[in-house]
Amino acid sequence: MSSLDLVLWVIVPYVCATVFVVGHVWRYRRDQFTWTTRSTQLLERRTLRAGSLLFHGGMLAVLGGHVLGILVPASVTETVGVTEDMYHVVSVAMGTLAGTAMVAGFAILMMRRARVPRVRATTSRVDVATYVLLAVVLAIGMVETVGVNLVGGGYDYRESVSPWFRGLLSFRPDGELMAEAPLAYQAHALAAWLLLALWPFSRLVHAWSVPLGYLNRNHIVYRRRAPLPPRVALRRGAAAEDRSRA
């Protein structure tokens, strides 16, 4: 393994992972007030709803495919009866659908941010860097799925990329495995690691703030300042009286 391969496929991943962990701890301890999505829903809602559903739905499917393809060895899927040909067909089909949905949602969200002045004004430099890296990761991922695996005949990344990544998790990385992978897979991995390093300093931190407390929180009651129209007041009064009798 060359010195460049050692840097790219061993040192860079661990540095980015360290920045990811330490950066989250630092931001949570020192900068909790910015731990938010910085939502622009109040500025524009219709386009946001469509783009967000496509992007997040496709993202969940893409992440599920990555977990299955990278963390689960091929020997495990073969043990349960999934042959390599079956896995390839399902992986390409589902990956294409999920990736297309994610790319479409991302494009809608980026067009919204560029075309709505009030939304564009909330975009920071970190946001721009995040969107650029995310666009690169998505574009190369679609090249892998469609260009390499669907049109180009396929590449068995579970024999190189997957064991390399699992080796990083077990602290026994083999950079030569990744050095032999096609250029698209190498670029995809590097862009993903850089995005991971940027994560704790961007609005992506909202991914860890799942609002589970909303499930059992009491309802918020809003009251009108202006008096209700007579017909509405009578109808509500009659309904309240019926409930009290019951």
# chains A, B, ... in the order shown; residues from 1 in each chain; ligands from 1
>>> residues_around(residues="Val132 in chain A", least_positions_apart="5", cutoff="12 Å", atoms="only C-alpha atoms", output="list in words")
Phe106, Ala107, Met110, Arg125, Val126, Asp127, Val137, Leu138, Ala139, Ala191, Ala192, Leu194, Leu195 and Leu198 of chain A
>>> write_last_selection(atoms="N, CA, C and O atoms", output="tab-separated table (two decimals), in the first residue's frame")
chain	number	residue	atom	x	y	z
A	106	PHE	N	-33.89	16.85	-3.33
A	106	PHE	CA	-32.80	17.79	-3.13
A	106	PHE	C	-32.85	18.92	-4.16
A	106	PHE	O	-32.62	20.09	-3.82
A	107	ALA	N	-33.16	18.59	-5.42
A	107	ALA	CA	-33.25	19.61	-6.46
A	107	ALA	C	-34.38	20.59	-6.17
A	107	ALA	O	-34.22	21.81	-6.34
A	110	MET	N	-33.26	22.88	-3.34
A	110	MET	CA	-32.25	23.84	-3.76
A	110	MET	C	-32.87	24.93	-4.65
A	110	MET	O	-32.51	26.10	-4.54
A	125	ARG	N	-22.70	30.35	4.87
A	125	ARG	CA	-21.59	29.74	4.13
A	125	ARG	C	-21.45	28.26	4.44
A	125	ARG	O	-21.12	27.46	3.56
A	126	VAL	N	-21.71	27.89	5.69
A	126	VAL	CA	-21.67	26.47	6.05
A	126	VAL	C	-22.76	25.71	5.31
A	126	VAL	O	-22.56	24.57	4.88
A	127	ASP	N	-23.93	26.34	5.16
A	127	ASP	CA	-25.00	25.71	4.40
A	127	ASP	C	-24.57	25.45	2.97
A	127	ASP	O	-24.82	24.36	2.42
A	137	VAL	N	-21.98	13.95	-3.30
A	137	VAL	CA	-22.25	12.59	-2.84
A	137	VAL	C	-23.42	11.98	-3.60
A	137	VAL	O	-23.36	10.82	-4.05
A	138	LEU	N	-24.48	12.76	-3.78
A	138	LEU	CA	-25.65	12.25	-4.50
A	138	LEU	C	-25.34	11.97	-5.97
A	138	LEU	O	-25.74	10.93	-6.51
A	139	ALA	N	-24.64	12.90	-6.61
A	139	ALA	CA	-24.34	12.73	-8.03
A	139	ALA	C	-23.47	11.50	-8.28
A	139	ALA	O	-23.76	10.69	-9.17
A	191	ALA	N	-15.95	12.05	-0.52
A	191	ALA	CA	-16.94	13.12	-0.35
A	191	ALA	C	-17.82	12.85	0.86
A	191	ALA	O	-18.18	13.77	1.61
A	192	ALA	N	-18.16	11.58	1.08
A	192	ALA	CA	-18.99	11.23	2.23
A	192	ALA	C	-18.25	11.48	3.54
A	192	ALA	O	-18.84	11.97	4.52
A	194	LEU	N	-15.85	13.71	4.04
A	194	LEU	CA	-15.78	15.16	4.23
A	194	LEU	C	-17.11	15.72	4.72
A	194	LEU	O	-17.15	16.61	5.58
A	195	LEU	N	-18.22	15.21	4.18
A	195	LEU	CA	-19.53	15.63	4.65
A	195	LEU	C	-19.73	15.25	6.11
A	195	LEU	O	-20.32	16.01	6.90
A	198	LEU	N	-17.99	17.74	8.28
A	198	LEU	CA	-18.68	19.03	8.32
A	198	LEU	C	-19.98	18.96	9.11
A	198	LEU	O	-20.49	20.00	9.58
>>> select_by_dssp(residues="range 36-231 of chain A", states="helix (DSSP H, G or I)", output="JSON, numbers by chain")
{"A": [46, 47, 48, 49, 50, 51, 52, 53, 54, 55, 56, 57, 58, 59, 60, 61, 62, 63, 64, 65, 66, 67, 68, 69, 70, 71, 74, 75, 76, 77, 78, 79, 84, 85, 86, 87, 88, 89, 90, 91, 92, 93, 94, 95, 96, 97, 98, 99, 100, 101, 102, 103, 104, 105, 106, 107, 108, 109, 110, 111, 112, 113, 114, 115, 117, 118, 119, 120, 125, 126, 127, 128, 129, 130, 131, 132, 133, 134, 135, 136, 137, 138, 139, 140, 141, 142, 143, 144, 145, 146, 147, 148, 149, 150, 151, 157, 158, 159, 161, 162, 163, 164, 165, 166, 167, 168, 169, 175, 176, 177, 178, 179, 183, 184, 185, 186, 187, 188, 189, 190, 191, 192, 193, 194, 195, 196, 197, 198, 199, 200, 201, 203, 204, 205, 206, 207, 208, 212, 213, 214, 215, 216, 230, 231]}
>>> closest_residue(among="A:Ile108, A:Val103, A:Val67, A:Val151", to="Gly51 in chain A", atoms="only C-alpha atoms")
A:Ile108
>>> atom_distance(atom1="CA of Arg115 in chain A", atom2="CA of Leu63 in chain A")
29.3 Å
>>> atom_distance(atom1="CA of Leu97 in chain A", atom2="CA of Val143 in chain A")
13.4 Å
>>> decode(residues="range 93-232 of chain A", atoms="C-alpha atoms", output="short mmCIF file (atom, residue, chain, number, x, y, z; two decimals), in the first residue's frame")
data_model
loop_
_atom_site.label_atom_id
_atom_site.label_comp_id
_atom_site.auth_asym_id
_atom_site.auth_seq_id
_atom_site.Cartn_x
_atom_site.Cartn_y
_atom_site.Cartn_z
CA ALA A 93 -33.72 -1.40 -8.71
CA MET A 94 -34.29 -0.09 -5.19
CA GLY A 95 -31.15 2.04 -5.26
CA THR A 96 -32.26 3.72 -8.48
CA LEU A 97 -35.74 4.47 -7.12
CA ALA A 98 -34.49 5.71 -3.76
CA GLY A 99 -31.67 7.72 -5.29
CA THR A 100 -33.99 9.32 -7.85
CA ALA A 101 -36.42 10.35 -5.11
CA MET A 102 -33.61 11.79 -3.01
CA VAL A 103 -32.09 13.69 -5.95
CA ALA A 104 -35.50 15.04 -6.99
CA GLY A 105 -36.23 16.21 -3.44
CA PHE A 106 -32.80 17.79 -3.13
CA ALA A 107 -33.25 19.61 -6.46
CA ILE A 108 -36.64 20.96 -5.36
CA LEU A 109 -35.22 22.18 -2.06
CA MET A 110 -32.25 23.84 -3.76
CA MET A 111 -34.49 25.55 -6.34
CA ARG A 112 -36.70 26.76 -3.51
CA ARG A 113 -33.72 28.15 -1.62
CA ALA A 114 -32.42 29.90 -4.73
CA ARG A 115 -35.74 31.31 -5.98
CA VAL A 116 -37.39 32.44 -2.73
CA PRO A 117 -35.54 35.58 -1.55
CA ARG A 118 -36.51 35.20 2.12
CA VAL A 119 -35.27 31.61 2.18
CA ARG A 120 -32.10 32.50 0.29
CA ALA A 121 -31.32 35.19 2.87
CA THR A 122 -31.13 32.54 5.63
CA THR A 123 -28.43 30.53 3.82
CA SER A 124 -25.01 30.64 5.49
CA ARG A 125 -21.59 29.74 4.13
CA VAL A 126 -21.67 26.47 6.05
CA ASP A 127 -25.00 25.71 4.40
CA VAL A 128 -23.49 26.28 0.96
CA ALA A 129 -20.55 23.97 1.74
CA THR A 130 -22.96 21.34 3.05
CA TYR A 131 -25.15 21.51 -0.04
CA VAL A 132 -22.15 21.28 -2.37
CA LEU A 133 -20.78 18.19 -0.63
CA LEU A 134 -24.22 16.63 -0.47
CA ALA A 135 -24.73 17.29 -4.18
CA VAL A 136 -21.39 15.64 -4.96
CA VAL A 137 -22.25 12.59 -2.84
CA LEU A 138 -25.65 12.25 -4.50
CA ALA A 139 -24.34 12.73 -8.03
CA ILE A 140 -21.55 10.19 -7.67
CA GLY A 141 -23.92 7.78 -5.93
CA MET A 142 -26.26 7.91 -8.93
CA VAL A 143 -23.29 7.37 -11.25
CA GLU A 144 -22.41 4.24 -9.29
CA THR A 145 -25.96 2.91 -9.21
CA VAL A 146 -27.05 3.74 -12.76
CA GLY A 147 -23.84 4.18 -14.72
CA VAL A 148 -21.72 1.41 -13.21
CA ASN A 149 -24.18 -1.18 -11.92
CA LEU A 150 -27.15 -0.74 -14.28
CA VAL A 151 -25.59 0.29 -17.59
CA GLY A 152 -21.96 -0.69 -17.15
CA GLY A 153 -22.50 -4.30 -16.17
CA GLY A 154 -21.98 -3.92 -12.43
CA TYR A 155 -19.23 -3.91 -9.85
CA ASP A 156 -19.19 -6.11 -6.76
CA TYR A 157 -18.36 -3.51 -4.13
CA ARG A 158 -19.07 -6.03 -1.38
CA GLU A 159 -15.69 -7.60 -2.15
CA SER A 160 -13.71 -4.37 -1.69
CA VAL A 161 -15.56 -1.31 -0.35
CA SER A 162 -17.60 -3.22 2.22
CA PRO A 163 -14.74 -5.12 3.91
CA TRP A 164 -12.64 -1.94 3.85
CA PHE A 165 -15.34 -0.04 5.74
CA ARG A 166 -15.92 -2.88 8.21
CA GLY A 167 -12.16 -2.96 8.76
CA LEU A 168 -12.28 0.70 9.77
CA LEU A 169 -14.92 -0.12 12.37
CA SER A 170 -12.85 -2.96 13.79
CA PHE A 171 -9.65 -0.84 13.68
CA ARG A 172 -8.06 -3.20 11.15
CA PRO A 173 -8.38 -1.20 7.93
CA ASP A 174 -7.00 -2.51 4.66
CA GLY A 175 -6.47 0.49 2.41
CA GLU A 176 -5.46 -1.69 -0.55
CA LEU A 177 -9.05 -2.90 -0.88
CA MET A 178 -10.28 0.64 -1.48
CA ALA A 179 -7.29 1.52 -3.64
CA GLU A 180 -8.41 -1.16 -6.12
CA ALA A 181 -12.02 0.13 -6.30
CA PRO A 182 -13.22 2.18 -9.32
CA LEU A 183 -12.68 5.92 -9.20
CA ALA A 184 -16.41 6.63 -8.70
CA TYR A 185 -16.45 4.58 -5.49
CA GLN A 186 -13.30 6.28 -4.23
CA ALA A 187 -14.67 9.78 -4.90
CA HIS A 188 -18.01 8.86 -3.33
CA ALA A 189 -16.31 7.62 -0.17
CA LEU A 190 -14.05 10.68 0.17
CA ALA A 191 -16.94 13.12 -0.35
CA ALA A 192 -18.99 11.23 2.23
CA TRP A 193 -16.18 11.41 4.80
CA LEU A 194 -15.78 15.16 4.23
CA LEU A 195 -19.53 15.63 4.65
CA LEU A 196 -19.33 13.65 7.89
CA ALA A 197 -16.59 15.97 9.17
CA LEU A 198 -18.68 19.03 8.32
CA TRP A 199 -21.83 17.57 9.89
CA PRO A 200 -21.45 18.83 13.50
CA PHE A 201 -20.93 22.41 12.33
CA SER A 202 -23.97 22.51 10.05
CA ARG A 203 -27.73 22.32 10.41
CA LEU A 204 -27.47 18.55 9.86
CA VAL A 205 -27.18 18.14 13.65
CA HIS A 206 -30.98 18.28 13.80
CA ALA A 207 -30.94 14.62 12.70
CA TRP A 208 -30.13 13.64 16.31
CA SER A 209 -32.87 15.78 17.84
CA VAL A 210 -35.90 13.55 17.30
CA PRO A 211 -38.83 15.29 19.05
CA LEU A 212 -40.07 12.24 20.96
CA GLY A 213 -41.32 14.51 23.75
CA TYR A 214 -44.07 15.76 21.47
CA LEU A 215 -45.75 12.36 21.63
CA ASN A 216 -46.88 12.79 25.26
CA ARG A 217 -46.88 16.59 25.54
CA ASN A 218 -50.11 18.31 26.54
CA HIS A 219 -52.01 20.11 23.84
CA ILE A 220 -51.51 23.86 23.49
CA VAL A 221 -54.79 25.77 23.60
CA TYR A 222 -55.00 28.88 21.45
CA ARG A 223 -57.69 31.49 22.17
CA ARG A 224 -58.92 34.19 19.86
CA ARG A 225 -58.66 37.83 20.84
CA ALA A 226 -61.49 38.90 18.58
CA PRO A 227 -65.01 37.76 19.54
CA LEU A 228 -66.46 34.86 17.61
CA PRO A 229 -69.31 35.44 15.15
CA PRO A 230 -72.73 34.92 16.83
CA ARG A 231 -73.53 31.74 14.90
CA VAL A 232 -70.19 30.14 15.77
#
